[in-house]
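Heads up, data17.cif below (mmCIF, C-alpha atoms):
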data_coords
#
loop_
_atom_site.label_atom_id
_atom_site.label_comp_id
_atom_site.auth_asym_id
_atom_site.auth_seq_id
_atom_site.Cartn_x
_atom_site.Cartn_y
_atom_site.Cartn_z
CA MET A 1 8.65 -136.40 -4.79
CA ASN A 2 8.30 -133.74 -2.08
CA ARG A 3 8.88 -130.03 -2.57
CA SER A 4 12.36 -130.01 -1.01
CA ALA A 5 13.50 -132.82 -3.29
CA ARG A 6 12.13 -131.01 -6.35
CA VAL A 7 13.93 -127.79 -5.36
CA ALA A 8 17.17 -129.69 -4.79
CA LEU A 9 16.84 -131.51 -8.13
CA SER A 10 16.14 -128.24 -9.95
CA ALA A 11 19.15 -126.55 -8.33
CA LEU A 12 21.38 -129.51 -9.19
CA SER A 13 20.11 -129.58 -12.77
CA LEU A 14 20.67 -125.84 -13.24
CA ALA A 15 24.15 -126.13 -11.74
CA GLY A 16 24.91 -128.93 -14.19
CA ALA A 17 23.68 -126.81 -17.10
CA VAL A 18 25.86 -123.87 -16.02
CA ALA A 19 28.89 -126.14 -15.61
CA LEU A 20 28.40 -127.69 -19.05
CA LEU A 21 27.96 -124.30 -20.67
CA ALA A 22 31.07 -122.97 -18.95
CA ALA A 23 33.10 -125.97 -20.13
CA MET A 24 31.77 -126.03 -23.70
CA PRO A 25 34.47 -123.78 -25.26
CA TYR A 26 37.28 -125.84 -23.79
CA VAL A 27 35.71 -129.06 -25.15
CA VAL A 28 36.03 -127.69 -28.71
CA GLY A 29 39.42 -126.06 -28.12
CA VAL A 30 38.82 -122.35 -27.44
CA ASP A 31 38.29 -120.12 -24.41
CA TRP A 32 35.67 -117.59 -23.43
CA GLU A 33 37.92 -114.65 -24.26
CA GLN A 34 38.02 -115.73 -27.91
CA ILE A 35 34.25 -116.23 -27.96
CA PHE A 36 33.61 -112.76 -26.57
CA ARG A 37 36.03 -111.36 -29.12
CA GLU A 38 34.08 -113.03 -31.94
CA LEU A 39 30.74 -111.81 -30.57
CA GLY A 40 32.10 -108.33 -29.95
CA GLU A 41 32.60 -107.87 -33.69
CA LEU A 42 28.87 -108.15 -34.40
CA ASP A 43 27.26 -104.88 -35.45
CA VAL A 44 23.82 -103.62 -34.44
CA GLY A 45 22.34 -104.59 -37.82
CA TRP A 46 23.05 -108.27 -37.23
CA LEU A 47 21.54 -108.15 -33.74
CA VAL A 48 18.39 -106.48 -35.05
CA GLY A 49 18.06 -109.07 -37.83
CA LEU A 50 18.61 -112.01 -35.49
CA THR A 51 16.09 -110.62 -33.02
CA ALA A 52 13.55 -110.23 -35.83
CA LEU A 53 14.07 -113.86 -36.86
CA TRP A 54 13.64 -115.02 -33.27
CA LEU A 55 10.39 -113.06 -32.87
CA ALA A 56 9.13 -114.33 -36.23
CA GLY A 57 9.71 -117.90 -35.11
CA LEU A 58 7.79 -117.35 -31.89
CA TRP A 59 4.95 -115.73 -33.82
CA ALA A 60 4.86 -118.68 -36.25
CA TYR A 61 4.30 -121.03 -33.31
CA THR A 62 1.22 -119.05 -32.30
CA TYR A 63 -0.51 -120.61 -35.32
CA VAL A 64 0.05 -124.04 -33.76
CA LEU A 65 -1.57 -122.90 -30.53
CA THR A 66 -4.47 -120.99 -32.08
CA ALA A 67 -5.28 -123.95 -34.35
CA SER A 68 -5.37 -126.28 -31.32
CA LEU A 69 -7.44 -123.99 -29.05
CA PRO A 70 -10.34 -122.29 -30.87
CA GLY A 71 -10.90 -118.73 -29.65
CA LEU A 72 -7.29 -118.20 -28.58
CA THR A 73 -5.86 -114.99 -30.04
CA HIS A 74 -2.35 -114.76 -31.47
CA PRO A 75 -1.13 -112.29 -28.80
CA HIS A 76 -2.39 -114.63 -26.07
CA ALA A 77 -0.78 -117.60 -27.84
CA PHE A 78 2.50 -115.66 -28.02
CA MET A 79 2.29 -115.08 -24.27
CA LEU A 80 1.47 -118.73 -23.55
CA ASN A 81 4.44 -119.91 -25.60
CA ALA A 82 6.82 -117.43 -23.95
CA VAL A 83 5.81 -118.35 -20.41
CA GLY A 84 5.82 -122.09 -21.13
CA SER A 85 9.27 -121.90 -22.71
CA ALA A 86 10.60 -119.96 -19.72
CA VAL A 87 9.37 -122.67 -17.35
CA SER A 88 10.91 -125.45 -19.46
CA ASN A 89 14.20 -123.56 -19.66
CA LEU A 90 14.40 -123.19 -15.88
CA LEU A 91 13.23 -126.55 -14.58
CA PRO A 92 14.14 -130.16 -15.35
CA PHE A 93 11.01 -132.04 -16.42
CA GLY A 94 9.47 -128.57 -16.74
CA GLY A 95 6.72 -129.83 -19.03
CA ALA A 96 4.33 -130.66 -16.18
CA VAL A 97 4.76 -127.22 -14.63
CA GLY A 98 4.37 -125.65 -18.07
CA VAL A 99 1.06 -127.47 -18.56
CA ALA A 100 -0.16 -126.19 -15.18
CA VAL A 101 0.82 -122.63 -16.12
CA THR A 102 -0.92 -123.01 -19.50
CA PHE A 103 -4.11 -124.16 -17.80
CA ALA A 104 -4.02 -121.23 -15.37
CA MET A 105 -3.46 -118.63 -18.08
CA ALA A 106 -5.96 -120.08 -20.56
CA ARG A 107 -8.64 -120.41 -17.88
CA GLY A 108 -8.00 -116.78 -16.98
CA TRP A 109 -8.94 -115.89 -20.56
CA GLY A 110 -12.16 -117.87 -20.32
CA HIS A 111 -11.23 -121.15 -22.02
CA ARG A 112 -12.71 -124.34 -20.61
CA ASN A 113 -10.64 -127.11 -19.06
CA ALA A 114 -11.67 -129.71 -21.65
CA ALA A 115 -10.62 -127.47 -24.56
CA ILE A 116 -7.29 -126.66 -22.89
CA ALA A 117 -6.63 -130.36 -22.27
CA VAL A 118 -7.31 -131.19 -25.93
CA SER A 119 -5.06 -128.32 -27.03
CA THR A 120 -2.25 -129.59 -24.82
CA LEU A 121 -2.66 -133.09 -26.22
CA VAL A 122 -2.78 -131.93 -29.85
CA THR A 123 0.28 -129.68 -29.60
CA GLY A 124 2.09 -132.50 -27.81
CA VAL A 125 1.31 -134.88 -30.69
CA TRP A 126 2.54 -132.35 -33.27
CA ASN A 127 5.74 -131.79 -31.29
CA VAL A 128 6.33 -135.57 -31.11
CA LEU A 129 5.81 -135.87 -34.86
CA SER A 130 8.29 -133.05 -35.50
CA ARG A 131 10.85 -134.66 -33.21
CA LEU A 132 10.51 -137.91 -35.13
CA LEU A 133 10.91 -136.08 -38.43
CA LEU A 134 13.99 -134.07 -37.43
CA PRO A 135 16.32 -137.10 -37.02
CA ALA A 136 15.24 -138.32 -40.46
CA VAL A 137 15.89 -134.88 -41.95
CA GLY A 138 19.26 -134.74 -40.19
CA ILE A 139 20.28 -138.16 -41.51
CA ILE A 140 19.29 -137.25 -45.06
CA ALA A 141 21.24 -133.97 -44.74
CA LEU A 142 24.35 -135.88 -43.61
CA LEU A 143 24.00 -138.19 -46.59
CA VAL A 144 23.67 -135.21 -48.94
CA ALA A 145 26.69 -133.53 -47.34
CA GLY A 146 28.75 -136.70 -47.82
CA GLU A 147 29.53 -136.94 -44.12
CA VAL A 148 28.71 -140.65 -43.84
CA PRO A 149 32.03 -142.57 -43.78
CA ASP A 150 31.23 -145.59 -45.97
CA ARG A 151 28.57 -147.21 -48.13
CA ARG A 152 27.38 -149.65 -45.48
CA THR A 153 26.86 -146.85 -42.94
CA ALA A 154 25.08 -144.81 -45.61
CA VAL A 155 22.66 -147.68 -46.30
CA MET A 156 21.97 -148.11 -42.56
CA ALA A 157 21.45 -144.37 -42.16
CA LEU A 158 19.06 -144.31 -45.12
CA LEU A 159 17.08 -147.23 -43.68
CA ALA A 160 16.88 -145.44 -40.33
CA ALA A 161 15.59 -142.29 -42.02
CA ALA A 162 13.05 -144.33 -43.99
CA ALA A 163 11.88 -146.05 -40.78
CA LEU A 164 11.39 -142.73 -39.01
CA LEU A 165 9.51 -141.28 -41.95
CA GLY A 166 7.38 -144.43 -42.07
CA ILE A 167 6.50 -144.10 -38.37
CA VAL A 168 5.50 -140.47 -38.86
CA GLY A 169 3.39 -141.43 -41.88
CA LEU A 170 1.63 -144.22 -39.96
CA LEU A 171 0.88 -141.96 -37.00
CA ALA A 172 -0.45 -139.23 -39.27
CA LEU A 173 -2.64 -141.74 -41.12
CA ALA A 174 -3.89 -143.20 -37.85
CA LEU A 175 -4.89 -139.74 -36.61
CA ARG A 176 -6.79 -139.15 -39.86
CA SER A 177 -8.52 -142.53 -40.17
CA GLU A 178 -10.15 -144.62 -37.44
CA LYS A 179 -9.63 -147.76 -39.52
CA ALA A 180 -5.90 -147.01 -39.79
CA ALA A 181 -5.75 -146.30 -36.04
CA HIS A 182 -7.23 -149.73 -35.30
CA ALA A 183 -4.77 -151.35 -37.72
CA VAL A 184 -1.77 -149.62 -36.13
CA ASP A 185 -3.02 -150.57 -32.66
CA ARG A 186 -3.34 -154.23 -33.69
CA GLY A 187 0.11 -154.14 -35.28
CA VAL A 188 1.69 -152.73 -32.11
CA ARG A 189 0.04 -155.47 -30.06
CA ARG A 190 1.30 -158.21 -32.41
CA VAL A 191 4.84 -156.83 -32.26
CA ALA A 192 4.65 -156.51 -28.48
CA LEU A 193 3.68 -160.15 -28.00
CA ARG A 194 6.89 -161.24 -29.75
CA LEU A 195 9.21 -159.12 -27.59
CA PRO A 196 10.92 -159.97 -24.27
CA ARG A 197 8.97 -159.34 -21.09
CA ARG A 198 9.95 -155.76 -20.26
CA PRO A 199 9.57 -154.15 -23.71
CA ARG A 200 6.42 -156.26 -24.20
CA ALA A 201 4.90 -154.85 -21.00
CA LEU A 202 5.85 -151.32 -22.06
CA LEU A 203 4.19 -151.63 -25.46
CA LEU A 204 1.10 -153.36 -24.08
CA ARG A 205 0.58 -150.47 -21.68
CA ALA A 206 0.27 -148.30 -24.79
CA ASP A 207 -2.51 -150.53 -26.13
CA GLY A 208 -5.41 -148.34 -27.21
CA VAL A 209 -3.57 -145.07 -26.56
CA LEU A 210 -3.58 -144.06 -30.22
CA LEU A 211 -7.32 -144.64 -30.49
CA ASP A 212 -7.86 -142.69 -27.29
CA VAL A 213 -5.76 -139.76 -28.53
CA ARG A 214 -7.59 -139.77 -31.86
CA GLY A 215 -10.98 -139.86 -30.14
CA LYS A 216 -10.14 -136.88 -27.94
CA THR A 217 -8.54 -134.76 -30.66
CA ILE A 218 -10.46 -135.58 -33.82
CA GLY A 219 -12.69 -132.50 -33.58
CA VAL A 220 -9.72 -130.12 -33.45
CA LEU A 221 -7.73 -132.07 -36.04
CA ARG A 222 -10.53 -131.96 -38.61
CA THR A 223 -10.55 -128.17 -38.68
CA GLY A 224 -7.08 -127.26 -37.40
CA TRP A 225 -4.58 -129.69 -38.91
CA ARG A 226 -3.57 -127.27 -41.66
CA GLY A 227 -2.82 -124.49 -39.19
CA LEU A 228 -1.02 -126.91 -36.87
CA THR A 229 1.17 -128.24 -39.67
CA ALA A 230 1.87 -124.90 -41.32
CA GLY A 231 2.68 -123.28 -37.99
CA MET A 232 5.04 -126.07 -36.94
CA VAL A 233 6.83 -126.15 -40.30
CA ALA A 234 7.21 -122.35 -40.32
CA TYR A 235 8.49 -122.38 -36.73
CA LEU A 236 11.12 -125.05 -37.39
CA LEU A 237 12.15 -123.43 -40.67
CA LEU A 238 12.65 -120.05 -38.98
CA GLN A 239 14.64 -121.71 -36.18
CA ALA A 240 16.92 -123.29 -38.79
CA VAL A 241 17.28 -119.96 -40.62
CA LEU A 242 18.18 -118.35 -37.29
CA LEU A 243 20.95 -120.92 -36.79
CA HIS A 244 22.29 -120.26 -40.28
CA ALA A 245 22.15 -116.51 -39.66
CA CYS A 246 24.10 -116.92 -36.41
CA LEU A 247 26.79 -118.82 -38.31
CA VAL A 248 26.98 -116.21 -41.06
CA ALA A 249 27.06 -113.41 -38.48
CA VAL A 250 30.32 -114.74 -36.98
CA GLY A 251 31.84 -115.40 -40.40
CA ALA A 252 31.42 -119.19 -40.51
CA ASP A 253 31.12 -120.82 -43.93
CA VAL A 254 28.85 -123.88 -43.73
CA GLU A 255 27.04 -125.78 -46.49
CA LEU A 256 23.23 -125.79 -46.36
CA ALA A 257 23.04 -129.57 -45.84
CA GLU A 258 25.43 -129.31 -42.90
CA VAL A 259 23.36 -126.51 -41.36
CA VAL A 260 20.26 -128.70 -41.62
CA ALA A 261 22.08 -131.62 -39.97
CA VAL A 262 23.40 -129.41 -37.16
CA PHE A 263 19.94 -127.91 -36.59
CA ALA A 264 18.31 -131.35 -36.42
CA ILE A 265 20.84 -132.63 -33.92
CA ASN A 266 20.67 -129.43 -31.86
CA ARG A 267 16.89 -129.75 -31.56
CA MET A 268 17.18 -133.42 -30.60
CA LEU A 269 19.72 -132.63 -27.88
CA THR A 270 17.37 -130.05 -26.35
CA THR A 271 15.11 -132.95 -25.34
CA ALA A 272 17.76 -134.28 -22.93
CA VAL A 273 16.11 -134.20 -19.51
CA VAL A 274 19.31 -134.13 -17.46
CA THR A 275 19.30 -130.33 -17.65
CA PRO A 276 16.45 -127.89 -18.42
CA SER A 277 15.83 -127.97 -22.19
CA GLY A 278 19.11 -129.88 -22.56
CA ALA A 279 21.09 -126.72 -21.71
CA GLY A 280 24.83 -127.33 -21.90
CA ILE A 281 24.35 -130.67 -23.62
CA SER A 282 22.86 -129.21 -26.81
CA GLU A 283 25.46 -126.41 -26.97
CA THR A 284 28.41 -128.77 -26.54
CA GLY A 285 27.07 -131.20 -29.14
CA THR A 286 26.27 -128.41 -31.60
CA ALA A 287 29.68 -126.75 -31.33
CA ALA A 288 31.48 -130.09 -31.61
CA LEU A 289 29.53 -131.02 -34.75
CA LEU A 290 30.29 -127.64 -36.34
CA VAL A 291 33.99 -128.16 -35.66
CA HIS A 292 33.68 -131.61 -37.23
CA PHE A 293 32.27 -129.93 -40.34
CA GLY A 294 35.34 -127.73 -40.56
CA VAL A 295 34.16 -124.55 -38.83
CA PRO A 296 36.98 -122.93 -36.82
CA ALA A 297 36.48 -123.62 -33.11
CA GLY A 298 36.14 -119.95 -32.18
CA GLN A 299 33.42 -119.31 -34.75
CA ALA A 300 31.66 -122.59 -33.94
CA ALA A 301 31.51 -121.80 -30.23
CA ALA A 302 30.50 -118.15 -30.81
CA ALA A 303 27.70 -119.09 -33.22
CA THR A 304 26.46 -121.76 -30.81
CA ILE A 305 26.37 -119.34 -27.88
CA LEU A 306 24.61 -116.73 -30.01
CA TYR A 307 22.00 -119.26 -31.14
CA SER A 308 21.55 -120.50 -27.58
CA PHE A 309 20.97 -116.94 -26.41
CA TYR A 310 18.00 -116.60 -28.76
CA THR A 311 16.58 -120.09 -28.31
CA TYR A 312 17.19 -120.51 -24.58
CA ALA A 313 18.49 -117.61 -22.49
CA VAL A 314 16.36 -114.72 -23.72
CA GLU A 315 13.20 -116.80 -23.48
CA ILE A 316 13.45 -116.79 -19.68
CA PRO A 317 13.08 -113.02 -19.13
CA ALA A 318 10.59 -112.85 -22.02
CA GLY A 319 8.44 -115.47 -20.29
CA GLY A 320 8.81 -113.64 -16.99
CA VAL A 321 7.51 -110.44 -18.57
CA GLY A 322 4.60 -112.39 -20.09
CA TRP A 323 3.70 -113.94 -16.72
CA ILE A 324 3.86 -110.57 -14.93
CA GLY A 325 1.68 -108.98 -17.62
CA TRP A 326 -0.91 -111.76 -17.36
CA THR A 327 -0.93 -111.57 -13.55
CA LEU A 328 -1.35 -107.78 -13.47
CA ARG A 329 -4.17 -107.89 -16.01
CA ARG A 330 -5.91 -110.65 -14.08
CA ARG A 331 -5.73 -108.57 -10.89
CA ARG A 332 -7.13 -105.53 -12.66
CA HIS A 333 -10.08 -107.58 -13.93
CA ALA A 334 -10.64 -109.04 -10.46
CA SER A 335 -10.55 -105.62 -8.75
CA SER A 336 -12.93 -104.09 -11.31
CA GLY A 337 -15.38 -106.97 -11.00
CA ARG A 338 -15.38 -107.61 -14.76
CA PRO A 339 -15.70 -111.23 -15.98
CA ARG A 340 -12.54 -112.78 -17.41
CA CYS A 341 -14.29 -114.92 -20.03
CA LEU A 342 -15.49 -112.23 -22.45
CA LEU A 343 -12.64 -112.96 -24.82
CA VAL A 344 -13.97 -116.40 -25.77
CA LYS A 345 -17.27 -117.11 -27.50
CA LYS A 346 -19.30 -119.75 -25.75
#
Can you give me the file's structure in the form of structure tokens?
Amino acid sequence: MNRSARVALSALSLAGAVALLAAMPYVVGVDWEQIFRELGELDVGWLVGLTALWLAGLWAYTYVLTASLPGLTHPHAFMLNAVGSAVSNLLPFGGAVGVAVTFAMARGWGHRNAAIAVSTLVTGVWNVLSRLLLPAVGIIALLVAGEVPDRRTAVMALLAAAALLGIVGLLALALRSEKAAHAVDRGVRRVALRLPRRPRALLLRADGVLLDVRGKTIGVLRTGWRGLTAGMVAYLLLQAVLLHACLVAVGADVELAEVVAVFAINRMLTTAVVTPSGAGISETGTAALLVHFGVPAGQAAAATILYSFYTYAVEIPAGGVGWIGWTLRRRRHASSGRPRCLLVKK
């Protein structure tokens, strides 16, 4: 795809996100005037508390990055996360651009290409595992909240949750044990050979990928898996707490299980690639689900917009500030003739 096509696609995607966000209140039965009225009642204390939760979540994620890239400091990890999130929030399929930005920034701090590549791979694996876990958690939360309409649907939902948890368990075991990785690889091949041509070809292309990923990441995983896991769990937990706080701030009364279900679905919808970070799609789905759980439409839409501000909108200027700061510091080092790799032990 040439540059003009990418620019046009990005503009179209952003326009779609703006249109979906603008239409979201009307989908759930309110208007923007009512949303602004709800948000206008927030006092400064709530805004300070929500901002603190948002910053705490971003700081928690630095433990994921520092565990995956030895020598990376937490302030640098915070900057990497902010800039990468800003890119993803602005561009459709922004992951590739985010990786390029990560490489540029990390190299500027003296990290080697091989270590950065492994870090990118490891954090990608942990994000995939969390995205597999979230649907299972959401399903279980719906079952606990009694939102599944009948027994048969409940059984199917429970089986789906068990399957997702089983997949996560197998992948985790395969990353830990070479023997398990070979077994999973053989199992995938056996399943693939029994499928129709297209899905069979897709699975066979993945033959050996798990072993390859394990081989490239085993060194980091042996020493960093605790930090990776703790950081990811803390990050997701703080994001869920932030959602609950946004709901409480606008006066919405929602059961804990319902909050967990809404959070899981919101995070899944952010992976929609039609718009950057699923913008517009995740907000509409989140507000609609809150209304389904009995939250008044005005409060549901206001809480959703407030949560989206902290998890989407504000990350763009924050990432811009991080990128400007990194660029200025790099120029100062270049003009002074000082090496840029003193921050990392060789």
If you apply the PyMOL selection byres ((chain A and resi 288-297) around 8) to this file, what residues do you get, as a ChimeraX atom specification? /A:27-30,252-254,258,262,284-287,298-301
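With atom CA of Ala180 of chain A on one side and atom CA of Ser68 of chain A on the other, the separation reads 22.4 Å.
Straight-line separation from atom CA of Leu142 of chain A to atom CA of Met268 of chain A: 15.1 Å.
If you measure from each of A:Val18, A:Ile281, A:Val137, A:Leu69 to Val260 of chain A using all atoms listed in the file, the closest one turns out to be A:Val137.
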Reference answer for the PyMOL selection byres ((chain A and resi 46) around 12), as a PyMOL selection string: chain A and resi 39-45+47-53+242+245-251+306
Nearest to Ile316 of chain A among A:Leu90, A:Leu269, A:Ala117, A:Thr62, with distances taken over only C-alpha atoms: which residue is it?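 Ranking A:Leu90, A:Leu269, A:Ala117, A:Thr62 by distance to Ile316 of chain A, first place goes to A:Leu90.
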Evaluate the PyMOL selection byres ((chain A and resi 84) around 9) and record the selected residues as a list of chain:residue names, following the chain and residue labels used in the document.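 With the shown file as input, the PyMOL selection byres ((chain A and resi 84) around 9) matches A:Met79, A:Leu80, A:Asn81, A:Ala82, A:Val83, A:Ser85, A:Ala86, A:Val87, A:Ser88, A:Asn89, A:Gly94, A:Gly95, A:Val97, A:Gly98, A:Val99, A:Val101, A:Thr102, A:Gly319.
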Preceding selection exported with C-alpha atoms as a PDB file, in the coordinates of the input:
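Saved as out.pdb:
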ATOM      1  CA  MET A  79       2.290-115.080 -24.270  1.00  0.00           C
ATOM      2  CA  LEU A  80       1.470-118.730 -23.550  1.00  0.00           C
ATOM      3  CA  ASN A  81       4.440-119.910 -25.600  1.00  0.00           C
ATOM      4  CA  ALA A  82       6.820-117.430 -23.950  1.00  0.00           C
ATOM      5  CA  VAL A  83       5.810-118.350 -20.410  1.00  0.00           C
ATOM      6  CA  SER A  85       9.270-121.900 -22.710  1.00  0.00           C
ATOM      7  CA  ALA A  86      10.600-119.960 -19.720  1.00  0.00           C
ATOM      8  CA  VAL A  87       9.370-122.670 -17.350  1.00  0.00           C
ATOM      9  CA  SER A  88      10.910-125.450 -19.460  1.00  0.00           C
ATOM     10  CA  ASN A  89      14.200-123.560 -19.660  1.00  0.00           C
ATOM     11  CA  GLY A  94       9.470-128.570 -16.740  1.00  0.00           C
ATOM     12  CA  GLY A  95       6.720-129.830 -19.030  1.00  0.00           C
ATOM     13  CA  VAL A  97       4.760-127.220 -14.630  1.00  0.00           C
ATOM     14  CA  GLY A  98       4.370-125.650 -18.070  1.00  0.00           C
ATOM     15  CA  VAL A  99       1.060-127.470 -18.560  1.00  0.00           C
ATOM     16  CA  VAL A 101       0.820-122.630 -16.120  1.00  0.00           C
ATOM     17  CA  THR A 102      -0.920-123.010 -19.500  1.00  0.00           C
ATOM     18  CA  GLY A 319       8.440-115.470 -20.290  1.00  0.00           C
TER      19      GLY A 319
END
Nearest residue to Gly231 of chain A from the set A:Gly187, A:Gly278, A:Gly57, A:Gly322 (distances using only C-alpha atoms):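 Residue with the minimum atom-to-atom distance to Gly231 of chain A: A:Gly57.
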Just give me the gap between atom CA of Gly227 of chain A and atom CA of Trp54 of chain A in Å, one decimal is fine.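 Separation of atom CA of Gly227 of chain A and atom CA of Trp54 of chain A: 19.9 Å.
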Top pick for closest residue to Pro276 of chain A, considering A:Leu65, A:Ala56, A:Leu91, A:Ala174 and counting all atoms listed in the file: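 Comparing A:Leu65, A:Ala56, A:Leu91, A:Ala174 against Pro276 of chain A, the winner is A:Leu91.
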Among listed residues A:Asn127, A:Ala163, A:Trp59, A:Leu20, nearest Pro75 of chain A (using only C-alpha atoms):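 Distance minimum relative to Pro75 of chain A lands on A:Trp59.
Between Ser130 of chain A and the residues A:Leu171, A:Leu256, A:Ala15, A:Met232, the shortest atom-to-atom distance, using only C-alpha atoms, involves A:Met232.
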